[in-house]
Amino acid sequence: MPRERGEKVIATNRRARHDYNLEKSYEAGLVLTGTEVKSLRQGRANLSDGYAYIKGGEAFLDAVHIPEYSQGHWTNHSAKRIRKLLLHRDEIHKLEHAVSAGGYTLIPLRLYFSDGRAKVEIALAKGKREFDKRQTLRERQDTREAERAMRTRNRMGE
């Protein structure tokens, strides 16, 4: 059987870009059980409540919902278990220092298969305040209105 190539996105955390200012992102491998991999291959996962943390020199992913495999039996996994992340030691130390310094958290952005291996993209993020969120929405709305005005002006010129 030929080996799987390319990248297949399973789940994205669209809420993260709204709620956080993303500083830097890292690609990490996941330690999964067999039924978790099969459930992910069906395209089922939810990253919205997930977060990562570092404990004892190791990185972990918590509160990511991977539903039980439909054809699984007594070997099925629990849906919201803590999963170990596979990162290089120096990356773990950098993340640990940033989080311990304060204000930063580790948020999963997307879950995907890269050449047949499950990966998660985590980001070092700083939470936005409510007025920051409103300001971002206002800026996005202003750019949309400006683009709309330019389009109508260009059409009238034709």
# chains A, B, ... in the order shown; residues from 1 in each chain; ligands from 1
>>> closest_atom_pairs(of="region 88-109 of chain A", to="region 33-52 of chain A", cutoff="8 Å", atoms="only C-alpha atoms", output="JSON lines")
{"residue": "A:Thr105", "atom": "CA", "partner": "A:Ala52", "partner_atom": "CA", "distance": 7.7}
{"residue": "A:Leu106", "atom": "CA", "partner": "A:Ala52", "partner_atom": "CA", "distance": 5.1}
{"residue": "A:Ile107", "atom": "CA", "partner": "A:Tyr51", "partner_atom": "CA", "distance": 4.8}
{"residue": "A:Pro108", "atom": "CA", "partner": "A:Tyr51", "partner_atom": "CA", "distance": 6.2}
{"residue": "A:Leu109", "atom": "CA", "partner": "A:Leu47", "partner_atom": "CA", "distance": 7.5}
>>> residues_around(residues="Thr136 (chain A)", least_positions_apart="5", cutoff="9 Å", atoms="only C-alpha atoms", output="ChimeraX atom specification")
/A:18,131,141
>>> write_last_selection(atoms="N, CA, C and O atoms", output="compact mmCIF listing (two decimals), in the first residue's frame")
# COMPACT_ATOMS: atom_id res chain seq x y z
N HIS A 18 -9.61 34.89 17.09
CA HIS A 18 -10.48 35.96 17.59
C HIS A 18 -10.17 36.29 19.04
O HIS A 18 -10.18 37.46 19.44
N PHE A 131 -12.11 45.00 24.61
CA PHE A 131 -12.01 46.13 23.70
C PHE A 131 -11.10 45.82 22.52
O PHE A 131 -11.28 46.36 21.43
N GLN A 141 -14.36 45.41 9.62
CA GLN A 141 -15.54 46.00 8.99
C GLN A 141 -15.17 47.23 8.16
O GLN A 141 -15.69 47.42 7.06
>>> select_by_dssp(residues="region 14-138 of chain A", states="strand (DSSP E or B)", output="MDAnalysis selection string")
chainID A and resid 20:30 46 51:55 58:62 65 83:86 104:114 117:127
>>> closest_residue(among="A:Thr12, A:Leu111, A:Asp19, A:Thr143", to="Gly127 (chain A)", atoms="only C-alpha atoms")
A:Asp19
>>> select_by_dssp(residues="chain A", states="alpha helix (DSSP H)", output="count of residues only")
55
>>> residues_around(residues="Lys8 (chain A)", least_positions_apart="3", cutoff="7 Å", atoms="only C-alpha atoms", output="list of chain:residue names")
A:Tyr112, A:Phe113, A:Ser114
>>> write_last_selection(atoms="N, CA and C atoms", output="CSV table (one decimal), in the first residue's frame")
chain,number,residue,atom,x,y,z
A,112,TYR,N,-4.0,18.0,12.1
A,112,TYR,CA,-4.0,17.5,10.7
A,112,TYR,C,-3.1,16.3,10.6
A,113,PHE,N,-3.1,15.6,9.5
A,113,PHE,CA,-2.2,14.5,9.1
A,113,PHE,C,-1.2,15.1,8.2
A,114,SER,N,0.1,14.9,8.5
A,114,SER,CA,1.2,15.3,7.6
A,114,SER,C,1.9,14.0,7.2
>>> residues_around(residues="Gly116 (chain A)", least_positions_apart="4", cutoff="9 Å", atoms="only C-alpha atoms", output="count of residues only")
6
>>> decode(residues="region 75-93 of chain A", atoms="N, CA, C and O atoms", output="PDB file, in the first residue's frame")
ATOM      1  N   THR A  75     -11.784  -1.521  23.711  1.00  0.00           N
ATOM      2  CA  THR A  75     -10.483  -0.845  23.636  1.00  0.00           C
ATOM      3  C   THR A  75     -10.614   0.622  23.250  1.00  0.00           C
ATOM      4  O   THR A  75      -9.606   1.285  23.035  1.00  0.00           O
ATOM      5  N   ASN A  76     -11.838   1.129  23.139  1.00  0.00           N
ATOM      6  CA  ASN A  76     -12.051   2.520  22.748  1.00  0.00           C
ATOM      7  C   ASN A  76     -11.435   3.479  23.766  1.00  0.00           C
ATOM      8  O   ASN A  76     -11.325   3.165  24.950  1.00  0.00           O
ATOM      9  N   HIS A  77     -11.066   4.656  23.310  1.00  0.00           N
ATOM     10  CA  HIS A  77     -10.434   5.676  24.145  1.00  0.00           C
ATOM     11  C   HIS A  77     -11.497   6.581  24.769  1.00  0.00           C
ATOM     12  O   HIS A  77     -12.624   6.629  24.303  1.00  0.00           O
ATOM     13  N   SER A  78     -11.124   7.315  25.819  1.00  0.00           N
ATOM     14  CA  SER A  78     -12.027   8.331  26.365  1.00  0.00           C
ATOM     15  C   SER A  78     -11.880   9.593  25.518  1.00  0.00           C
ATOM     16  O   SER A  78     -10.788   9.925  25.037  1.00  0.00           O
ATOM     17  N   ALA A  79     -12.963  10.301  25.316  1.00  0.00           N
ATOM     18  CA  ALA A  79     -13.010  11.392  24.338  1.00  0.00           C
ATOM     19  C   ALA A  79     -12.125  12.583  24.695  1.00  0.00           C
ATOM     20  O   ALA A  79     -11.541  13.205  23.817  1.00  0.00           O
ATOM     21  N   LYS A  80     -12.012  12.921  25.977  1.00  0.00           N
ATOM     22  CA  LYS A  80     -11.265  14.130  26.349  1.00  0.00           C
ATOM     23  C   LYS A  80     -10.057  13.816  27.226  1.00  0.00           C
ATOM     24  O   LYS A  80      -9.767  14.513  28.179  1.00  0.00           O
ATOM     25  N   ARG A  81      -9.328  12.772  26.901  1.00  0.00           N
ATOM     26  CA  ARG A  81      -8.173  12.423  27.722  1.00  0.00           C
ATOM     27  C   ARG A  81      -6.994  13.347  27.432  1.00  0.00           C
ATOM     28  O   ARG A  81      -6.953  14.033  26.402  1.00  0.00           O
ATOM     29  N   ILE A  82      -6.030  13.359  28.338  1.00  0.00           N
ATOM     30  CA  ILE A  82      -4.816  14.166  28.168  1.00  0.00           C
ATOM     31  C   ILE A  82      -3.876  13.407  27.239  1.00  0.00           C
ATOM     32  O   ILE A  82      -3.621  12.223  27.427  1.00  0.00           O
ATOM     33  N   ARG A  83      -3.370  14.116  26.213  1.00  0.00           N
ATOM     34  CA  ARG A  83      -2.492  13.492  25.223  1.00  0.00           C
ATOM     35  C   ARG A  83      -1.117  14.156  25.267  1.00  0.00           C
ATOM     36  O   ARG A  83      -1.014  15.374  25.378  1.00  0.00           O
ATOM     37  N   LYS A  84      -0.084  13.346  25.146  1.00  0.00           N
ATOM     38  CA  LYS A  84       1.290  13.858  25.179  1.00  0.00           C
ATOM     39  C   LYS A  84       1.649  14.454  23.826  1.00  0.00           C
ATOM     40  O   LYS A  84       1.297  13.899  22.776  1.00  0.00           O
ATOM     41  N   LEU A  85       2.353  15.585  23.851  1.00  0.00           N
ATOM     42  CA  LEU A  85       2.844  16.231  22.634  1.00  0.00           C
ATOM     43  C   LEU A  85       4.312  15.894  22.441  1.00  0.00           C
ATOM     44  O   LEU A  85       5.078  15.830  23.403  1.00  0.00           O
ATOM     45  N   LEU A  86       4.695  15.701  21.199  1.00  0.00           N
ATOM     46  CA  LEU A  86       6.083  15.384  20.866  1.00  0.00           C
ATOM     47  C   LEU A  86       6.753  16.630  20.290  1.00  0.00           C
ATOM     48  O   LEU A  86       6.472  17.037  19.165  1.00  0.00           O
ATOM     49  N   LEU A  87       7.605  17.237  21.109  1.00  0.00           N
ATOM     50  CA  LEU A  87       8.355  18.431  20.721  1.00  0.00           C
ATOM     51  C   LEU A  87       9.828  18.226  21.072  1.00  0.00           C
ATOM     52  O   LEU A  87      10.155  17.392  21.922  1.00  0.00           O
ATOM     53  N   HIS A  88      10.702  18.994  20.446  1.00  0.00           N
ATOM     54  CA  HIS A  88      12.112  18.955  20.799  1.00  0.00           C
ATOM     55  C   HIS A  88      12.308  19.584  22.169  1.00  0.00           C
ATOM     56  O   HIS A  88      11.545  20.464  22.587  1.00  0.00           O
ATOM     57  N   ARG A  89      13.331  19.146  22.864  1.00  0.00           N
ATOM     58  CA  ARG A  89      13.585  19.609  24.226  1.00  0.00           C
ATOM     59  C   ARG A  89      13.760  21.124  24.286  1.00  0.00           C
ATOM     60  O   ARG A  89      13.226  21.785  25.180  1.00  0.00           O
ATOM     61  N   ASP A  90      14.496  21.704  23.317  1.00  0.00           N
ATOM     62  CA  ASP A  90      14.710  23.154  23.344  1.00  0.00           C
ATOM     63  C   ASP A  90      13.415  23.917  23.093  1.00  0.00           C
ATOM     64  O   ASP A  90      13.205  24.998  23.650  1.00  0.00           O
ATOM     65  N   GLU A  91      12.518  23.374  22.261  1.00  0.00           N
ATOM     66  CA  GLU A  91      11.216  24.014  22.052  1.00  0.00           C
ATOM     67  C   GLU A  91      10.396  23.988  23.339  1.00  0.00           C
ATOM     68  O   GLU A  91       9.747  24.980  23.688  1.00  0.00           O
ATOM     69  N   ILE A  92      10.438  22.874  24.054  1.00  0.00           N
ATOM     70  CA  ILE A  92       9.705  22.763  25.315  1.00  0.00           C
ATOM     71  C   ILE A  92      10.240  23.777  26.321  1.00  0.00           C
ATOM     72  O   ILE A  92       9.453  24.456  27.007  1.00  0.00           O
ATOM     73  N   HIS A  93      11.559  23.935  26.388  1.00  0.00           N
ATOM     74  CA  HIS A  93      12.137  24.902  27.329  1.00  0.00           C
ATOM     75  C   HIS A  93      11.735  26.333  26.964  1.00  0.00           C
ATOM     76  O   HIS A  93      11.416  27.133  27.849  1.00  0.00           O
TER      77      HIS A  93
END
